[in-house]
file upload.tsv (TSV, C-alpha atoms)
chain	number	residue	atom	x	y	z
A	22	MET	CA	70.62	103.41	102.31
A	23	LEU	CA	70.36	103.06	98.52
A	24	THR	CA	68.98	99.56	98.02
A	25	ASP	CA	66.32	99.85	100.71
A	26	ALA	CA	65.01	102.88	98.80
A	27	GLY	CA	64.79	100.79	95.63
A	28	TYR	CA	67.93	102.01	93.86
A	29	ALA	CA	70.78	100.00	92.37
A	30	ALA	CA	74.09	100.16	94.19
A	31	HIS	CA	77.44	98.63	93.27
A	32	PHE	CA	81.02	98.94	94.40
A	33	VAL	CA	83.04	99.85	91.32
A	34	GLY	CA	86.55	100.42	90.03
A	35	GLY	CA	89.69	100.02	92.07
A	36	CYS	CA	88.13	98.44	95.15
A	37	VAL	CA	86.58	95.65	93.06
A	38	ARG	CA	89.72	95.21	90.94
A	39	ASN	CA	92.00	95.01	93.98
A	40	ALA	CA	89.69	92.71	95.92
A	41	LEU	CA	89.61	90.26	93.02
A	42	MET	CA	93.41	90.47	92.72
A	43	GLN	CA	93.75	90.00	96.49
A	44	VAL	CA	95.73	93.19	96.99
A	45	PRO	CA	94.89	95.90	99.55
A	46	VAL	CA	91.79	98.02	98.98
A	47	THR	CA	91.83	101.69	99.92
A	48	ASP	CA	88.94	103.83	98.67
A	49	LEU	CA	85.44	102.37	98.41
A	50	ASP	CA	83.62	103.91	95.44
A	51	ILE	CA	79.93	103.23	94.90
A	52	THR	CA	77.85	103.79	91.79
A	53	THR	CA	74.07	104.04	91.61
A	54	ASP	CA	71.15	104.97	89.40
A	55	ALA	CA	69.94	107.43	92.06
A	56	ARG	CA	70.46	111.06	91.08
A	57	PRO	CA	72.84	113.13	93.25
A	58	GLU	CA	70.04	115.14	94.88
A	59	THR	CA	68.35	111.90	95.85
A	60	VAL	CA	71.57	110.56	97.33
A	61	MET	CA	71.88	113.74	99.41
A	62	GLU	CA	68.31	113.38	100.69
A	63	LEU	CA	68.70	109.68	101.49
A	64	ALA	CA	71.95	110.32	103.34
A	65	ARG	CA	70.45	113.06	105.49
A	66	SER	CA	67.45	110.86	106.28
A	67	ALA	CA	69.79	108.05	107.33
A	68	GLY	CA	71.66	110.40	109.66
A	69	PHE	CA	74.81	110.47	107.51
A	70	ASN	CA	76.76	113.52	106.40
A	71	PRO	CA	76.56	114.10	102.60
A	72	VAL	CA	79.12	116.41	101.00
A	73	PRO	CA	78.54	117.59	97.37
A	74	THR	CA	82.22	117.13	96.40
A	75	GLY	CA	81.51	116.78	92.67
A	76	ILE	CA	77.79	117.02	92.41
A	77	GLU	CA	77.90	118.62	88.95
A	78	HIS	CA	79.51	115.39	87.75
A	79	GLY	CA	77.23	113.20	89.83
A	80	THR	CA	79.47	112.57	92.83
A	81	VAL	CA	78.42	112.93	96.46
A	82	THR	CA	80.74	111.95	99.31
A	83	VAL	CA	78.78	110.40	102.13
A	84	VAL	CA	80.59	110.30	105.46
A	85	VAL	CA	79.60	107.38	107.69
A	86	ALA	CA	81.19	107.17	111.15
A	87	GLY	CA	84.04	109.31	109.92
A	88	GLU	CA	84.71	107.22	106.79
A	89	PRO	CA	84.07	108.80	103.36
A	90	PHE	CA	82.32	106.90	100.57
A	91	GLU	CA	82.15	108.42	97.07
A	92	ILE	CA	78.76	107.71	95.53
A	93	THR	CA	78.46	108.55	91.85
A	94	THR	CA	75.40	108.39	89.65
A	95	TRP	CA	75.66	106.37	86.43
A	96	ARG	CA	76.98	108.70	83.74
A	97	ARG	CA	77.92	108.94	80.10
A	98	ASP	CA	80.10	111.52	78.40
A	99	VAL	CA	78.62	113.81	75.78
A	100	GLU	CA	81.57	116.18	75.28
A	101	THR	CA	85.23	116.30	76.30
A	102	ASP	CA	88.31	118.44	75.63
A	103	GLY	CA	90.93	115.94	76.82
A	104	ARG	CA	91.03	117.37	80.34
A	105	ARG	CA	87.44	117.45	81.56
A	106	ALA	CA	84.17	116.00	80.33
A	107	VAL	CA	80.58	117.14	80.09
A	108	VAL	CA	78.44	114.28	81.36
A	109	VAL	CA	74.78	113.41	81.50
A	110	PHE	CA	73.25	110.90	83.85
A	111	ALA	CA	72.53	107.46	82.45
A	112	ASP	CA	69.81	104.92	83.11
A	113	ARG	CA	71.90	101.84	82.31
A	114	LEU	CA	74.94	100.47	84.11
A	115	GLU	CA	76.39	99.53	80.70
A	116	ASP	CA	76.49	103.20	79.68
A	117	ASP	CA	78.44	103.99	82.84
A	118	ALA	CA	80.88	101.18	82.10
A	119	HIS	CA	81.66	102.47	78.60
A	120	ARG	CA	82.85	105.85	79.93
A	121	ARG	CA	85.54	104.29	82.14
A	122	ASP	CA	89.18	103.87	81.11
A	123	PHE	CA	90.27	100.21	81.27
A	124	THR	CA	88.22	97.04	81.18
A	125	MET	CA	89.61	95.88	84.55
A	126	ASN	CA	88.17	99.07	86.08
A	127	ALA	CA	84.67	98.43	84.71
A	128	LEU	CA	83.82	95.66	87.16
A	129	TYR	CA	80.86	96.14	89.49
A	130	ALA	CA	80.17	94.30	92.76
A	131	ALA	CA	76.71	94.21	94.34
A	132	PRO	CA	76.42	94.36	98.14
A	133	ASP	CA	76.17	90.55	98.22
A	134	GLY	CA	79.40	90.22	96.25
A	135	ALA	CA	77.88	89.29	92.88
A	136	ILE	CA	80.04	90.64	90.04
A	137	THR	CA	78.62	92.42	87.01
A	138	ASP	CA	81.05	92.45	84.09
A	139	PRO	CA	79.50	94.29	81.14
A	140	LEU	CA	82.71	94.61	79.07
A	141	GLY	CA	84.66	91.42	79.67
A	142	GLY	CA	86.99	93.04	82.16
A	143	TYR	CA	87.21	90.00	84.41
A	144	ASP	CA	89.07	87.94	81.81
A	145	ASP	CA	91.50	90.83	81.26
A	146	LEU	CA	91.99	91.13	85.01
A	147	VAL	CA	92.78	87.42	85.40
A	148	ALA	CA	95.22	87.62	82.48
A	149	ARG	CA	96.66	90.88	83.90
A	150	ARG	CA	95.96	92.72	80.63
A	151	VAL	CA	95.60	96.50	80.77
A	152	VAL	CA	93.19	97.20	77.90
A	153	PHE	CA	91.36	100.40	77.04
A	154	ILE	CA	87.59	100.15	76.82
A	155	ASP	CA	86.35	100.14	73.22
A	156	ASN	CA	88.69	102.36	71.16
A	157	ALA	CA	91.97	103.40	72.81
A	158	ALA	CA	92.27	106.67	70.88
A	159	ASP	CA	88.74	107.71	71.87
A	160	ARG	CA	89.39	106.98	75.55
A	161	ILE	CA	92.65	108.96	75.43
A	162	ARG	CA	91.06	111.96	73.74
A	163	GLU	CA	88.51	112.05	76.57
A	164	ASP	CA	91.34	112.53	79.09
A	165	TYR	CA	95.01	112.55	78.12
A	166	LEU	CA	95.98	111.62	81.67
A	167	ARG	CA	94.89	108.11	80.66
A	168	ILE	CA	98.18	107.81	78.78
A	169	LEU	CA	100.08	107.99	82.05
A	170	ARG	CA	97.51	105.85	83.84
A	171	PHE	CA	97.97	103.14	81.17
A	172	PHE	CA	101.67	102.82	81.98
A	173	ARG	CA	101.05	103.09	85.72
A	174	PHE	CA	98.42	100.34	85.63
A	175	HIS	CA	100.69	98.09	83.60
A	176	ALA	CA	103.51	98.58	86.12
A	177	TRP	CA	101.23	97.72	89.02
A	178	TYR	CA	98.89	95.11	87.54
A	179	GLY	CA	100.11	94.04	84.10
A	180	ASP	CA	101.71	90.79	82.98
A	181	GLU	CA	105.27	91.71	82.07
A	182	GLU	CA	105.83	88.63	79.93
A	183	ALA	CA	102.77	89.39	77.82
A	184	GLY	CA	103.90	92.98	77.31
A	185	LEU	CA	101.80	96.07	76.73
A	186	ASP	CA	98.75	96.26	74.48
A	187	ARG	CA	99.96	97.17	70.98
A	188	GLY	CA	96.82	99.02	69.97
A	189	ALA	CA	97.11	101.21	73.05
A	190	LEU	CA	100.79	101.93	72.36
A	191	ALA	CA	100.00	102.94	68.77
A	192	ALA	CA	97.29	105.34	69.95
A	193	ILE	CA	99.60	106.78	72.60
A	194	ALA	CA	102.34	107.37	70.03
A	195	ASP	CA	99.88	109.42	67.97
A	196	LEU	CA	98.35	111.36	70.86
A	197	SER	CA	101.08	111.81	73.47
A	198	GLU	CA	101.39	115.56	72.80
A	199	GLY	CA	98.13	115.89	74.70
A	200	ILE	CA	100.06	115.31	77.93
A	201	GLU	CA	101.39	118.87	77.66
A	202	GLY	CA	97.88	120.27	78.11
A	203	LEU	CA	97.37	118.53	81.45
A	204	SER	CA	97.85	120.21	84.79
A	205	ARG	CA	101.32	119.64	86.17
A	206	GLU	CA	99.85	118.43	89.48
A	207	ARG	CA	98.03	115.58	87.75
A	208	VAL	CA	101.10	114.62	85.74
A	209	GLY	CA	103.37	114.69	88.79
A	210	SER	CA	100.96	112.61	90.85
A	211	GLU	CA	100.74	109.93	88.14
A	212	MET	CA	104.51	109.81	87.68
A	213	LEU	CA	105.09	109.28	91.40
A	214	LYS	CA	102.47	106.51	91.49
A	215	LEU	CA	104.07	104.85	88.46
A	216	LEU	CA	107.57	105.04	89.92
A	217	SER	CA	106.34	103.57	93.22
A	218	ALA	CA	105.53	100.20	91.60
A	219	ALA	CA	107.70	97.23	92.50
A	220	ASP	CA	109.34	97.35	89.06
A	221	PRO	CA	108.28	100.28	86.88
A	222	ALA	CA	111.26	99.97	84.50
A	223	PRO	CA	109.56	98.07	81.62
A	224	ALA	CA	106.54	100.38	81.66
A	225	VAL	CA	108.70	103.53	81.77
A	226	ALA	CA	110.87	102.17	78.92
A	227	ALA	CA	107.72	101.59	76.84
A	228	MET	CA	106.59	105.09	77.76
A	229	GLU	CA	109.88	106.46	76.42
A	230	GLN	CA	109.66	104.40	73.22
A	231	ALA	CA	106.10	105.58	72.57
A	232	GLY	CA	107.21	109.21	72.89
A	233	ALA	CA	105.16	109.93	76.01
A	234	LEU	CA	108.03	110.37	78.48
A	235	GLY	CA	109.47	113.33	76.59
A	236	HIS	CA	106.15	115.15	76.93
A	237	VAL	CA	106.24	114.71	80.70
A	238	MET	CA	109.54	116.60	80.83
A	239	ALA	CA	112.68	116.85	78.75
A	240	GLY	CA	115.99	115.25	79.60
A	241	LEU	CA	114.75	112.02	81.18
A	242	SER	CA	116.58	108.80	80.34
A	243	THR	CA	115.46	105.30	81.33
A	244	ARG	CA	118.85	103.62	80.77
A	245	ALA	CA	119.80	103.25	84.43
A	246	LEU	CA	116.31	102.64	85.88
A	247	PRO	CA	116.20	98.82	85.45
A	248	ILE	CA	119.71	98.59	86.93
A	249	LEU	CA	118.63	100.67	89.92
A	250	VAL	CA	115.57	98.45	90.48
A	251	HIS	CA	117.81	95.37	90.33
A	252	PHE	CA	120.18	96.82	92.92
A	253	GLU	CA	117.22	97.81	95.14
A	254	GLN	CA	115.95	94.26	95.07
A	255	GLN	CA	119.45	92.87	95.61
A	256	THR	CA	119.97	94.99	98.73
A	257	GLY	CA	116.42	94.65	100.06
A	258	THR	CA	115.76	98.38	99.62
A	259	ALA	CA	112.09	99.40	99.38
A	260	PRO	CA	110.86	101.17	96.22
A	261	ASN	CA	111.12	104.96	96.35
A	262	ALA	CA	109.67	107.20	93.64
A	263	ILE	CA	111.99	110.15	94.36
A	264	ARG	CA	115.10	107.94	94.16
A	265	ARG	CA	113.90	106.54	90.84
A	266	LEU	CA	113.02	109.98	89.53
A	267	ALA	CA	116.57	111.08	90.34
A	268	VAL	CA	118.09	108.24	88.32
A	269	LEU	CA	116.05	109.35	85.29
A	270	GLY	CA	117.85	112.72	85.39
A	271	GLY	CA	116.41	115.94	84.02
A	272	GLU	CA	115.97	119.21	85.86
A	273	GLY	CA	113.21	121.50	87.09
A	274	HIS	CA	111.15	118.61	88.50
A	275	GLY	CA	109.70	120.69	91.33
A	276	ASP	CA	107.92	123.04	88.94
A	277	LEU	CA	107.30	120.64	86.05
A	278	LEU	CA	105.82	117.94	88.27
A	279	ARG	CA	104.53	120.21	91.06
A	280	LEU	CA	106.33	118.25	93.74
A	281	SER	CA	105.88	119.20	97.37
A	282	LYS	CA	108.61	121.26	99.03
A	283	SER	CA	109.92	118.26	100.93
A	284	GLN	CA	109.92	116.09	97.79
A	285	THR	CA	111.72	118.82	95.85
A	286	ARG	CA	114.39	119.19	98.54
A	287	ALA	CA	114.95	115.43	98.70
A	288	LEU	CA	115.17	115.15	94.92
A	289	GLU	CA	117.55	118.10	94.54
A	290	ARG	CA	119.87	116.61	97.16
A	291	LEU	CA	120.01	113.35	95.20
A	292	LEU	CA	120.52	115.14	91.88
A	293	ASP	CA	123.33	117.22	93.42
A	294	HIS	CA	125.15	113.98	94.26
A	295	ARG	CA	124.62	112.21	90.92
A	296	GLY	CA	128.08	111.06	89.86
A	297	ASP	CA	129.50	111.49	93.37
A	298	THR	CA	132.28	108.89	93.70
A	299	ALA	CA	132.67	109.24	97.49
A	300	PRO	CA	132.59	105.90	99.34
A	301	PRO	CA	129.39	104.95	101.18
A	302	ALA	CA	130.82	105.76	104.62
A	303	ALA	CA	131.72	109.30	103.52
A	304	LEU	CA	128.24	109.78	102.06
A	305	GLY	CA	126.70	108.53	105.31
A	306	TYR	CA	128.67	111.10	107.28
A	307	ARG	CA	127.92	114.02	104.97
A	308	ILE	CA	124.25	113.52	104.08
A	309	GLY	CA	122.83	110.91	106.49
A	310	LYS	CA	121.86	107.28	106.14
A	311	ASP	CA	118.75	107.48	103.96
A	312	ALA	CA	120.07	109.96	101.42
A	313	ALA	CA	123.46	108.18	101.33
A	314	ARG	CA	121.77	104.88	100.53
A	315	ASP	CA	119.82	106.50	97.71
A	316	VAL	CA	122.89	108.24	96.28
A	317	ALA	CA	124.99	105.07	96.46
A	318	LEU	CA	122.34	103.04	94.65
A	319	ILE	CA	121.77	105.75	92.02
A	320	ASN	CA	125.46	106.09	91.23
A	321	SER	CA	125.96	102.32	91.18
A	322	ALA	CA	123.17	102.12	88.61
A	323	LEU	CA	124.59	104.96	86.51
A	324	LEU	CA	128.04	103.33	86.55
A	325	GLU	CA	126.54	99.85	86.11
A	326	THR	CA	128.65	98.68	89.04
A	327	PRO	CA	127.21	96.66	91.94
A	328	PRO	CA	127.03	98.52	95.27
A	329	SER	CA	129.29	97.59	98.18
A	330	PRO	CA	128.41	94.17	99.66
A	331	ASP	CA	128.24	95.86	103.08
A	332	LEU	CA	126.53	99.00	101.85
A	333	GLU	CA	124.27	99.38	104.89
A	334	GLY	CA	127.09	98.78	107.35
A	335	GLU	CA	129.40	101.25	105.64
A	336	ILE	CA	126.76	103.96	105.51
A	337	SER	CA	125.85	103.42	109.16
A	338	ARG	CA	129.50	103.60	110.18
A	339	GLY	CA	129.91	106.95	108.43
A	340	ALA	CA	126.61	108.33	109.72
A	341	GLY	CA	127.72	107.56	113.27
A	342	ALA	CA	131.21	109.04	112.95
A	343	VAL	CA	132.00	112.17	114.99
A	344	PHE	CA	134.61	114.68	113.79
A	345	PRO	CA	137.17	114.90	116.61
A	346	ILE	CA	138.03	118.59	116.12
A	347	THR	CA	135.91	121.43	117.52
A	348	PRO	CA	136.39	125.15	116.83
A	349	GLY	CA	137.68	125.56	120.38
A	350	ASP	CA	140.56	123.19	119.60
A	351	LEU	CA	141.94	125.69	117.07
A	352	MET	CA	141.24	128.92	118.91
A	353	PRO	CA	142.60	131.50	119.62
A	354	ASP	CA	145.33	130.75	117.08
A	355	LEU	CA	142.73	130.79	114.33
A	356	GLU	CA	139.56	132.86	114.09
A	357	GLY	CA	136.96	133.94	111.54
A	358	ALA	CA	137.41	132.83	107.94
A	359	ALA	CA	140.76	131.21	108.67
A	360	LEU	CA	139.18	129.07	111.38
A	361	GLY	CA	136.38	127.96	109.07
A	362	GLU	CA	138.80	127.10	106.29
A	363	ALA	CA	141.02	125.08	108.64
A	364	LEU	CA	138.03	123.11	109.97
A	365	ARG	CA	136.85	122.31	106.44
A	366	ARG	CA	140.35	121.20	105.37
A	367	LEU	CA	140.88	119.01	108.42
A	368	GLU	CA	137.43	117.47	108.10
A	369	THR	CA	138.19	116.62	104.46
A	370	ASP	CA	141.47	114.96	105.51
A	371	TRP	CA	139.70	113.08	108.29
A	372	ILE	CA	137.02	111.75	105.92
A	373	ALA	CA	139.72	110.78	103.37
A	374	SER	CA	141.47	108.79	106.12
A	375	ASP	CA	138.26	106.78	106.58
A	376	PHE	CA	137.75	108.54	109.93
A	377	THR	CA	141.01	107.14	111.37
A	378	LEU	CA	142.96	110.37	112.04
A	379	GLY	CA	142.68	111.49	115.67
A	380	LYS	CA	142.72	114.97	117.13
A	381	SER	CA	146.51	115.13	117.60
A	382	ALA	CA	147.26	113.89	114.10
A	383	LEU	CA	144.82	116.38	112.60
A	384	LYS	CA	146.13	119.35	114.61
A	385	ALA	CA	149.67	118.44	113.57
A	386	ARG	CA	148.60	118.98	109.94
A	387	LEU	CA	148.14	122.69	110.66
call {"tool": "encode", "arguments": {"input": "upload.tsv", "output": "structure tokens"}}
result
Amino acid sequence: MLTDAGYAAHFVGGCVRNALMQVPVTDLDITTDARPETVMELARSAGFNPVPTGIEHGTVTVVVAGEPFEITTWRRDVETDGRRAVVVFADRLEDDAHRRDFTMNALYAAPDGAITDPLGGYDDLVARRVVFIDNAADRIREDYLRILRFFRFHAWYGDEEAGLDRGALAAIADLSEGIEGLSRERVGSEMLKLLSAADPAPAVAAMEQAGALGHVMAGLSTRALPILVHFEQQTGTAPNAIRRLAVLGGEGHGDLLRLSKSQTRALERLLDHRGDTAPPAALGYRIGKDAARDVALINSALLETPPSPDLEGEISRGAGAVFPITPGDLMPDLEGAALGEALRRLETDWIASDFTLGKSALKARL
């Protein structure tokens, strides 16, 4: 659609980066020298559905056979307040490259696969170096969310042995207060993406040392995070951002990070059981398999004690246990509050017996 009309067109950003790193590609973003109005006209003429999702910033989403493609005109920033930028359209791909965040995101692929690398990002990509384009402080001042993106990208794509870029860390230490001016939705989204990496612990520790973590929210501690990640890997448990957020501690996550209702409920359940010393089987019975696994791993990390060798089996055994007493077994001798209290006490005794006490033995305790 674009090249047949004489315009430049390149895939750009994450899809190029991920393809070169041989990891899954999700969104396909395209950049062009065609102005947004032209893109809209070309799309309509081709029988596609153009949607002006961010036309004031040069972005048109073109829907082809139900699949959306973001097409953005080359741009350069002329003014920014750290949250949003005023842009003008550019005539050179190099100008577009200089307004991006990291060198590994400023790689362009033509339709035939030829790579254009105006800023040396390919070498950084191969070396797994997350490096700000040009001056780190300038890039951060354009959008303070780039502080969080820096740590997220290092967790996902960086070389852990090489460590994090020192110039970037120095700039972040000076400018991390800017995080507080960001929308909580953007901050929460970045934190969940960061904590979903295979091993986010080194990046989050660097984030804490640079002073950025405290501006996300107060009361977070990274001490137990690397231990949790180790236990996850040891037990073959998949990464989970909410579990990892719970091990960091703190409070008020739902509001401060604008979590969804289901995420907030899941997190609060885990936080309620921080420090719970109940055995895995008891946790499985009380809160179900998935939550019990999370709680057991979190508390093992906090106590720096390996989880049970048969953690999964113990949790499953508890989750499948059935309390042998029903209200009808105690009626009519007990009713109302007395009945409820007796059921709670007998259930507690039954759990403490590792589910071995039968109905007769439990009733005899009354």
call {"tool": "atom_distance", "arguments": {"input": "upload.tsv", "atom1": "atom CA of A:Leu241", "atom2": "atom CA of A:Glu211"}}
result
15.8 Å
call {"tool": "residues_near_point", "arguments": {"input": "upload.tsv", "point": "(98.6, 88.5, 78.6)", "cutoff": "8 Å", "atoms": "all atoms listed in the file", "output": "count of residues only"}}
result
9
call {"tool": "closest_residue", "arguments": {"input": "upload.tsv", "among": "A:Asp138, A:Glu181, A:Asp54, A:Asp164", "to": "A:Phe110", "atoms": "only C-alpha atoms"}}
result
A:Asp54
call {"tool": "residues_around", "arguments": {"input": "upload.tsv", "residues": "A:Arg170", "least_positions_apart": "2", "cutoff": "12 Å", "atoms": "only C-alpha atoms", "output": "CSV table (one decimal) with C-alpha atoms, in the coordinates of the input"}}
result
chain,number,residue,atom,x,y,z
A,122,ASP,CA,89.2,103.9,81.1
A,123,PHE,CA,90.3,100.2,81.3
A,126,ASN,CA,88.2,99.1,86.1
A,151,VAL,CA,95.6,96.5,80.8
A,152,VAL,CA,93.2,97.2,77.9
A,153,PHE,CA,91.4,100.4,77.0
A,160,ARG,CA,89.4,107.0,75.6
A,161,ILE,CA,92.6,109.0,75.4
A,164,ASP,CA,91.3,112.5,79.1
A,165,TYR,CA,95.0,112.6,78.1
A,166,LEU,CA,96.0,111.6,81.7
A,167,ARG,CA,94.9,108.1,80.7
A,168,ILE,CA,98.2,107.8,78.8
A,172,PHE,CA,101.7,102.8,82.0
A,173,ARG,CA,101.0,103.1,85.7
A,174,PHE,CA,98.4,100.3,85.6
A,175,HIS,CA,100.7,98.1,83.6
A,176,ALA,CA,103.5,98.6,86.1
A,177,TRP,CA,101.2,97.7,89.0
A,178,TYR,CA,98.9,95.1,87.5
A,189,ALA,CA,97.1,101.2,73.0
A,193,ILE,CA,99.6,106.8,72.6
A,200,ILE,CA,100.1,115.3,77.9
A,207,ARG,CA,98.0,115.6,87.8
A,208,VAL,CA,101.1,114.6,85.7
A,209,GLY,CA,103.4,114.7,88.8
A,210,SER,CA,101.0,112.6,90.8
A,211,GLU,CA,100.7,109.9,88.1
A,212,MET,CA,104.5,109.8,87.7
A,213,LEU,CA,105.1,109.3,91.4
A,214,LYS,CA,102.5,106.5,91.5
A,215,LEU,CA,104.1,104.8,88.5
A,216,LEU,CA,107.6,105.0,89.9
A,224,ALA,CA,106.5,100.4,81.7
A,225,VAL,CA,108.7,103.5,81.8
A,228,MET,CA,106.6,105.1,77.8
A,233,ALA,CA,105.2,109.9,76.0
call {"tool": "residues_around", "arguments": {"input": "upload.tsv", "residues": "A:Gly68", "least_positions_apart": "5", "cutoff": "12 Å", "atoms": "all atoms listed in the file", "output": "JSON list (two decimals) with C-alpha atoms, in the coordinates of the input"}}
result
[["chain", "number", "residue", "atom", "x", "y", "z"],
["A", 22, "MET", "CA", 70.62, 103.41, 102.31],
["A", 61, "MET", "CA", 71.88, 113.74, 99.41],
["A", 62, "GLU", "CA", 68.31, 113.38, 100.69],
["A", 63, "LEU", "CA", 68.70, 109.68, 101.49],
["A", 83, "VAL", "CA", 78.78, 110.40, 102.13],
["A", 84, "VAL", "CA", 80.59, 110.30, 105.46],
["A", 85, "VAL", "CA", 79.60, 107.38, 107.69],
["A", 86, "ALA", "CA", 81.19, 107.17, 111.15]]
call {"tool": "residues_around", "arguments": {"input": "upload.tsv", "residues": "stretch 318-322 of chain A", "least_positions_apart": "6", "cutoff": "6 Å", "atoms": "all atoms listed in the file", "output": "count of residues only"}}
result
6
call {"tool": "closest_residue", "arguments": {"input": "upload.tsv", "among": "A:Ala219, A:Ala313, A:Ala382, A:Ala130", "to": "A:Pro345", "atoms": "all atoms listed in the file"}}
result
A:Ala382
call {"tool": "residues_around", "arguments": {"input": "upload.tsv", "residues": "A:Ala55", "least_positions_apart": "3", "cutoff": "9 Å", "atoms": "only C-alpha atoms", "output": "PyMOL selection string"}}
result
chain A and resi 23+28-30+52+58-60+93-95
call {"tool": "atom_distance", "arguments": {"input": "upload.tsv", "atom1": "atom CA of A:Thr347", "atom2": "atom CA of A:Arg307"}}
result
16.6 Å
call {"tool": "axis_aligned_box", "arguments": {"input": "upload.tsv", "around": "stretch 247-264 of chain A", "padding_each_side": "4 Å", "output": "lines of an AutoDock Vina configuration file"}}
result
center_x = 114.9
center_y = 101.5
center_z = 92.8
size_x = 18.5
size_y = 25.3
size_z = 22.6
call {"tool": "residues_around", "arguments": {"input": "upload.tsv", "residues": "A:Phe344", "least_positions_apart": "4", "cutoff": "12 Å", "atoms": "all atoms listed in the file", "output": "list in words"}}
result
Ala303, Tyr306, Arg307, Gly339, Ala340, Pro348, Asp350, Leu364, Arg365, Leu367, Glu368, Thr369, Asp370, Trp371, Ile372, Ser374, Asp375, Phe376, Thr377, Leu378, Gly379, Lys380 and Leu383 of chain A
call {"tool": "closest_residue", "arguments": {"input": "upload.tsv", "among": "A:Lys282, A:Arg244, A:Arg38, A:Arg295", "to": "A:Arg264", "atoms": "only C-alpha atoms"}}
result
A:Arg295
call {"tool": "atom_distance", "arguments": {"input": "upload.tsv", "atom1": "atom CA of A:Glu289", "atom2": "atom CA of A:Ala267"}}
result
8.2 Å
call {"tool": "build_atoms", "arguments": {"input": "upload.tsv", "residues": "stretch 111-122 of chain A", "atoms": "N, CA and C atoms", "output": "PDB file, in the coordinates of the input"}}
result
ATOM      1  N   ALA A 111      72.973 108.582  83.266  1.00  0.00           N
ATOM      2  CA  ALA A 111      72.530 107.460  82.450  1.00  0.00           C
ATOM      3  C   ALA A 111      71.552 106.595  83.232  1.00  0.00           C
ATOM      4  N   ASP A 112      70.783 105.809  82.485  1.00  0.00           N
ATOM      5  CA  ASP A 112      69.810 104.920  83.110  1.00  0.00           C
ATOM      6  C   ASP A 112      70.267 103.463  83.071  1.00  0.00           C
ATOM      7  N   ARG A 113      71.409 103.211  82.418  1.00  0.00           N
ATOM      8  CA  ARG A 113      71.900 101.840  82.310  1.00  0.00           C
ATOM      9  C   ARG A 113      73.323 101.742  82.848  1.00  0.00           C
ATOM     10  N   LEU A 114      73.593 100.705  83.603  1.00  0.00           N
ATOM     11  CA  LEU A 114      74.940 100.470  84.110  1.00  0.00           C
ATOM     12  C   LEU A 114      75.928 100.326  82.965  1.00  0.00           C
ATOM     13  N   GLU A 115      75.497  99.735  81.851  1.00  0.00           N
ATOM     14  CA  GLU A 115      76.390  99.530  80.700  1.00  0.00           C
ATOM     15  C   GLU A 115      76.900 100.852  80.153  1.00  0.00           C
ATOM     16  N   ASP A 116      76.041 101.891  80.158  1.00  0.00           N
ATOM     17  CA  ASP A 116      76.490 103.200  79.680  1.00  0.00           C
ATOM     18  C   ASP A 116      77.587 103.753  80.597  1.00  0.00           C
ATOM     19  N   ASP A 117      77.425 103.548  81.888  1.00  0.00           N
ATOM     20  CA  ASP A 117      78.440 103.990  82.840  1.00  0.00           C
ATOM     21  C   ASP A 117      79.750 103.254  82.605  1.00  0.00           C
ATOM     22  N   ALA A 118      79.667 101.977  82.318  1.00  0.00           N
ATOM     23  CA  ALA A 118      80.880 101.180  82.100  1.00  0.00           C
ATOM     24  C   ALA A 118      81.660 101.680  80.892  1.00  0.00           C
ATOM     25  N   HIS A 119      80.981 102.068  79.836  1.00  0.00           N
ATOM     26  CA  HIS A 119      81.660 102.470  78.600  1.00  0.00           C
ATOM     27  C   HIS A 119      82.422 103.784  78.743  1.00  0.00           C
ATOM     28  N   ARG A 120      82.147 104.581  79.779  1.00  0.00           N
ATOM     29  CA  ARG A 120      82.850 105.850  79.930  1.00  0.00           C
ATOM     30  C   ARG A 120      84.107 105.701  80.793  1.00  0.00           C
ATOM     31  N   ARG A 121      84.362 104.495  81.315  1.00  0.00           N
ATOM     32  CA  ARG A 121      85.540 104.290  82.140  1.00  0.00           C
ATOM     33  C   ARG A 121      86.762 104.038  81.260  1.00  0.00           C
ATOM     34  N   ASP A 122      87.949 103.932  81.899  1.00  0.00           N
ATOM     35  CA  ASP A 122      89.180 103.870  81.110  1.00  0.00           C
ATOM     36  C   ASP A 122      89.557 102.464  80.661  1.00  0.00           C
TER      37      ASP A 122
END
